[in-house]
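These notes are about the structure you will find just below.
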Amino acid sequence: MPIELKPLPPREAIDYFRAKGFKPSFAWQDVWQGEHARSFTVAKAMQLDVLEDIRGAVDRALSEGATLEQFRRELEPTLQAKGWWGRQRVVDPLTGKERLVQLGSPRRLKTIFDVNLRTSYAAGRWDQIQRTKGLRPFLRYVSVQDRRTRPEHLAWHGTVLPVDHDWWSSHYPPNGWNCRCTVRQLSAREADKLGGVTEAPAVTERPWINKRTGEEIQIPEGIDPGWSYHVGRAADAAKRDATLDQGLAAGATRSLLDKLAAARPDVAHAALRQVVSSPDFARQLQKPTDAMPVLRLPSAIADAIGARNPVAVLSPESLAKNLREHPDLTPADYRLLPELGARPTLIVQDGDVSVVVVRRDGGPMWAAVKATATGQATFVTSYRRTHGSDVRRLLQRGRVLFGSWEE
């Protein structure tokens, strides 16, 4: 009797999918781009039990190699029994008004299946790419050569660039709904056989307005709104958050954070000023290796984003990225970080677990602060100089929690 050989489940893809939390949402625009690396969501699935059923079916499809037909056959009766099927009138939490919307349908199940499997495979593939990029340092964009493929994706076919080239930040596939594009990892010899490294395709952007927030966003031509991000790097960021969350749960750093959180705000701010003025912090600005507490949010602001500890740290990964992206910042600028928490001009909530803190004096400076999914850790994800038009756009898309901005 012949032995049937089946491919092993894609472990990295499964790990990526299972690391996600849950996030009920009304519209696909409510959970934006890289947030999908942290949260499993389905538009209009506002009940947690429905979301859990859908997630369980996706997990089984991913780990057991189920087909779309098997996925539908398992899930459709469950969703119908729970009433999440067909067109129904549902209250939009953003407006408080009822809307006639499409809940479950065969077409929606196909989209859920396709999106989650493709993004999970892409994230898992990126994990493999990062482990082997020393031997295979290039990626080749591969599109399906048929009439269903977008013209831009056909034009990108054959692009060969280094693994860490900036072009992949917005063009690492999938690049839209039902996008079938992939990447192939290459050694230097393989890249040479294909003609060598190419020029990065020019990126032309078009304006797009998120109707849920009113924010105008620039989207690269050829990429659907909500897809112009790198799913692999978003997964890396989610893993770093989890690592930071775990790392701060023990040892001297956690002890220091707990003491700063328990201290009176003025005492905590004074201690943080000492931290950013210390030789150790100066060394971090030269070679980031350790997480450093730099900013204490007002307690009410921390509560608003679910941060159990109001003291935000600057991780070595975030600091290294900030040093690359904002080389104009001086050590004196970084020493202003505690002041943003002590005397902010404006604090705007721009996500469920994130705020932007702006201080006009001595700048103005802008710090993005985010809580991890569990709320156990809070960290500064970016820090830079800002200006009036930047702040005006922030005010259009977020909710003011503190202060005001007048020009």
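Each chain of the structure tokens is named A, B, ... in the order shown, its residues numbered from 1; ligands are numbered from 1 in display order.
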
*Which residues come within 6 Å of stretch 260-277 of chain A, counting only C-alpha atoms, excluding same-chain residues fewer than 4 positions away, as a count of residues only?*
3

*asked:* Need to verify the contact set: stretch 108-118 of chain A, 8 Å, only C-alpha atoms, exclusion of same-chain residues closer than 2 positions in sequence. Can you return it as a ChimeraX atom specification?
replied: /A:42,58,62,68,71-72,103-106,120-122,174,177-178

Write the residues of the preceding selection, restricted to N, CA and C atoms, as a PDB file, in the first residue's frame.
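The result, stored in part-v2.pdb:
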```pdb
ATOM      1  N   VAL A  42     -12.808  40.420  12.609  1.00  0.00           N
ATOM      2  CA  VAL A  42     -13.682  40.241  11.445  1.00  0.00           C
ATOM      3  C   VAL A  42     -14.707  41.361  11.497  1.00  0.00           C
ATOM      4  N   VAL A  58     -10.437  29.134  11.342  1.00  0.00           N
ATOM      5  CA  VAL A  58      -9.245  29.555  10.595  1.00  0.00           C
ATOM      6  C   VAL A  58      -8.022  28.800  11.109  1.00  0.00           C
ATOM      7  N   LEU A  62      -5.620  26.401   8.910  1.00  0.00           N
ATOM      8  CA  LEU A  62      -4.193  26.674   8.770  1.00  0.00           C
ATOM      9  C   LEU A  62      -3.346  25.494   9.223  1.00  0.00           C
ATOM     10  N   LEU A  68     -10.964  25.623   1.280  1.00  0.00           N
ATOM     11  CA  LEU A  68     -12.026  26.615   1.489  1.00  0.00           C
ATOM     12  C   LEU A  68     -13.369  25.936   1.662  1.00  0.00           C
ATOM     13  N   PHE A  71     -13.631  24.569   5.124  1.00  0.00           N
ATOM     14  CA  PHE A  71     -13.771  25.703   6.039  1.00  0.00           C
ATOM     15  C   PHE A  71     -15.213  26.197   6.067  1.00  0.00           C
ATOM     16  N   ARG A  72     -15.794  26.371   4.894  1.00  0.00           N
ATOM     17  CA  ARG A  72     -17.186  26.830   4.810  1.00  0.00           C
ATOM     18  C   ARG A  72     -18.144  25.817   5.432  1.00  0.00           C
ATOM     19  N   LEU A 103     -23.696  40.356   7.161  1.00  0.00           N
ATOM     20  CA  LEU A 103     -22.939  39.571   8.139  1.00  0.00           C
ATOM     21  C   LEU A 103     -22.327  38.377   7.391  1.00  0.00           C
ATOM     22  N   GLY A 104     -22.577  37.162   7.851  1.00  0.00           N
ATOM     23  CA  GLY A 104     -21.970  36.023   7.191  1.00  0.00           C
ATOM     24  C   GLY A 104     -22.568  35.750   5.822  1.00  0.00           C
ATOM     25  N   SER A 105     -21.721  35.259   4.925  1.00  0.00           N
ATOM     26  CA  SER A 105     -22.149  34.847   3.585  1.00  0.00           C
ATOM     27  C   SER A 105     -21.027  33.997   3.007  1.00  0.00           C
ATOM     28  N   PRO A 106     -21.315  33.187   1.989  1.00  0.00           N
ATOM     29  CA  PRO A 106     -20.235  32.410   1.367  1.00  0.00           C
ATOM     30  C   PRO A 106     -19.092  33.299   0.880  1.00  0.00           C
ATOM     31  N   SER A 120      -0.912  35.019   7.173  1.00  0.00           N
ATOM     32  CA  SER A 120      -0.184  34.134   8.091  1.00  0.00           C
ATOM     33  C   SER A 120       0.994  33.473   7.392  1.00  0.00           C
ATOM     34  N   TYR A 121       0.776  33.003   6.175  1.00  0.00           N
ATOM     35  CA  TYR A 121       1.873  32.412   5.410  1.00  0.00           C
ATOM     36  C   TYR A 121       2.962  33.449   5.131  1.00  0.00           C
ATOM     37  N   ALA A 122       2.550  34.690   4.793  1.00  0.00           N
ATOM     38  CA  ALA A 122       3.535  35.736   4.500  1.00  0.00           C
ATOM     39  C   ALA A 122       4.358  36.081   5.733  1.00  0.00           C
ATOM     40  N   PRO A 174       1.095  39.860   0.780  1.00  0.00           N
ATOM     41  CA  PRO A 174       0.073  40.302  -0.169  1.00  0.00           C
ATOM     42  C   PRO A 174      -0.150  41.815  -0.136  1.00  0.00           C
ATOM     43  N   TRP A 177      -6.681  42.878  -1.443  1.00  0.00           N
ATOM     44  CA  TRP A 177      -7.679  41.812  -1.352  1.00  0.00           C
ATOM     45  C   TRP A 177      -7.476  40.857  -2.525  1.00  0.00           C
ATOM     46  N   ASN A 178      -7.421  39.567  -2.220  1.00  0.00           N
ATOM     47  CA  ASN A 178      -7.258  38.510  -3.221  1.00  0.00           C
ATOM     48  C   ASN A 178      -5.925  38.576  -3.968  1.00  0.00           C
TER      49      ASN A 178
END
```

Please, which residues in stretch 12-98 of chain A fall within 12 Å of stretch 337-360 of chain A when counting only C-alpha atoms, and what is the closest atom pair and distance in Å to one decimal for each, ordered by chain then residue number, as CSV?
```
residue,atom,partner,partner_atom,distance
A:Lys23,CA,A:Asp352,CA,9.9
A:Pro24,CA,A:Asp352,CA,11.6
A:Ser25,CA,A:Asp352,CA,11.5
A:Asp30,CA,A:Gly351,CA,9.4
A:Val31,CA,A:Gly351,CA,9.1
A:Trp32,CA,A:Gly351,CA,9.6
A:Glu35,CA,A:Gly351,CA,9.7
A:Arg38,CA,A:Val353,CA,11.5
A:Ser39,CA,A:Asp352,CA,11.6
```

*Have a look at atom CA of A:Ser299 and atom CA of A:Ser255 and let me know their distance in Å, one decimal.*
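Interatomic distance here is 18.6 Å.
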
*Mind checking DSSP for stretch 145-211 of chain A and telling me the alpha helix (DSSP H) residues as a list in words?*
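Taking stretch 145-211 of chain A and keeping alpha helix (DSSP H) gives Pro151, Glu152, His153, Leu154, Ala155, Trp156, Trp168, Ser169, Ser170, His171, Ala188, Arg189, Glu190, Ala191, Asp192 and Lys193 of chain A.
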
_Straight-line distance linking atom CA of A:Leu161 with atom CA of A:Gly196, stated in Å to one decimal_ =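 Rounded to one decimal, the two atoms are 8.9 Å apart.
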
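Proximity ranking of A:Arg136, A:His230, A:Lys239, A:Arg397 relative to A:Gly214 places A:Arg397 first, based on only C-alpha atoms.
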
*Kindly give the distance, in Å, that separates atom CA of A:Ser382 and atom CA of A:Val313, rounded to a single decimal.*
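Distance between the two atoms: 11.1 Å.
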
*For stretch 205-213 of chain A, work out the shell of residues within 7 Å, counting only C-alpha atoms and skipping chain neighbours fewer than 5 positions away, then give it as a list in words.*
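The residues that qualify are Gln29, Gln218, Ile219, Pro220, Glu221 and Arg397 of chain A.
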
*Between A:Ser318, A:Val163, A:Trp366, A:His171, which has the minimum distance to A:Arg131 (counting only C-alpha atoms)?*
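Distance minimum relative to A:Arg131 lands on A:Val163.
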
Neighbouring residues of A:Thr159 were defined as those with any atom within 7 Å, considering only C-alpha atoms; residues of the same chain fewer than 2 positions away were excluded. Please report them as an mmCIF file with N, CA and C atoms, in the first residue's frame.
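What follows is the written file around25.cif:
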```cif
data_model
loop_
_atom_site.group_PDB
_atom_site.id
_atom_site.type_symbol
_atom_site.label_atom_id
_atom_site.label_comp_id
_atom_site.auth_asym_id
_atom_site.auth_seq_id
_atom_site.Cartn_x
_atom_site.Cartn_y
_atom_site.Cartn_z
ATOM 1 N N ARG A 140 12.885 38.236 -4.476
ATOM 2 C CA ARG A 140 12.352 38.499 -5.820
ATOM 3 C C ARG A 140 10.839 38.544 -5.740
ATOM 4 N N TYR A 141 10.251 39.608 -6.276
ATOM 5 C CA TYR A 141 8.787 39.732 -6.300
ATOM 6 C C TYR A 141 8.239 38.815 -7.388
ATOM 7 N N TRP A 156 5.669 44.711 -11.240
ATOM 8 C CA TRP A 156 6.647 44.483 -10.169
ATOM 9 C C TRP A 156 7.286 43.094 -10.263
ATOM 10 N N HIS A 157 6.682 42.213 -11.034
ATOM 11 C CA HIS A 157 7.204 40.845 -11.165
ATOM 12 C C HIS A 157 8.668 40.887 -11.607
ATOM 13 N N LEU A 161 15.558 42.759 -4.890
ATOM 14 C CA LEU A 161 16.122 43.748 -3.976
ATOM 15 C C LEU A 161 16.615 43.056 -2.713
ATOM 16 N N THR A 198 17.825 44.670 -9.125
ATOM 17 C CA THR A 198 17.166 45.649 -9.983
ATOM 18 C C THR A 198 17.012 46.983 -9.248
#
```

*Smallest atom-to-atom distance to A:Pro201: which of A:Glu152, A:Glu52, A:Asp328, A:Asp59, using only C-alpha atoms?*
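Closest to A:Pro201, using only C-alpha atoms: A:Glu152.
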
*Those in stretch 137-182 of chain A with strand (DSSP E or B) from DSSP, as a list in words*: Phe138, Leu139, Arg140, Tyr141, Val142, Val160, Leu161, Pro162 and Thr182 of chain A

What are the nearest atom pairs, with distances in Å to one decimal, for all residues of stretch 14-85 of chain A that come at most 9 Å from stretch 92-102 of chain A, using only C-alpha atoms, set out by chain and rising residue number as CSV?
```
residue,atom,partner,partner_atom,distance
A:Phe26,CA,A:Asp92,CA,6.7
A:Ala27,CA,A:Asp92,CA,8.9
A:Lys44,CA,A:Gln102,CA,8.1
A:Trp85,CA,A:Gln102,CA,7.6
```

*asked:* Would you pick out the contacts of A:Gly21 at 12 Å or less, using only C-alpha atoms, so that residues sharing its chain but fewer than 2 positions from it are not included, and give the list as number ranges by chain?
replied: A: 16-19, 23-24, 35-41, 48, 51-52, 55, 238, 242, 372-374

*Compare A:Gln376, A:Ser187, A:Asn309, A:Thr386 by their minimum atom-to-atom distance to A:Leu329, counting only C-alpha atoms, and give me the closest one.*
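Answer, going by the shortest atom-to-atom distance: A:Thr386.
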
*For A:Thr381, which of A:Ala332, A:Ala66, A:Ala57, A:Val369 is the closest residue, counting only C-alpha atoms?*
A:Val369

*Would you please work out which residue, of A:Glu317, A:Asp192, A:Asp303, A:Glu12, is nearest to A:Asp290 when using only C-alpha atoms?*
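Closest to A:Asp290 of all the choices is A:Glu317.
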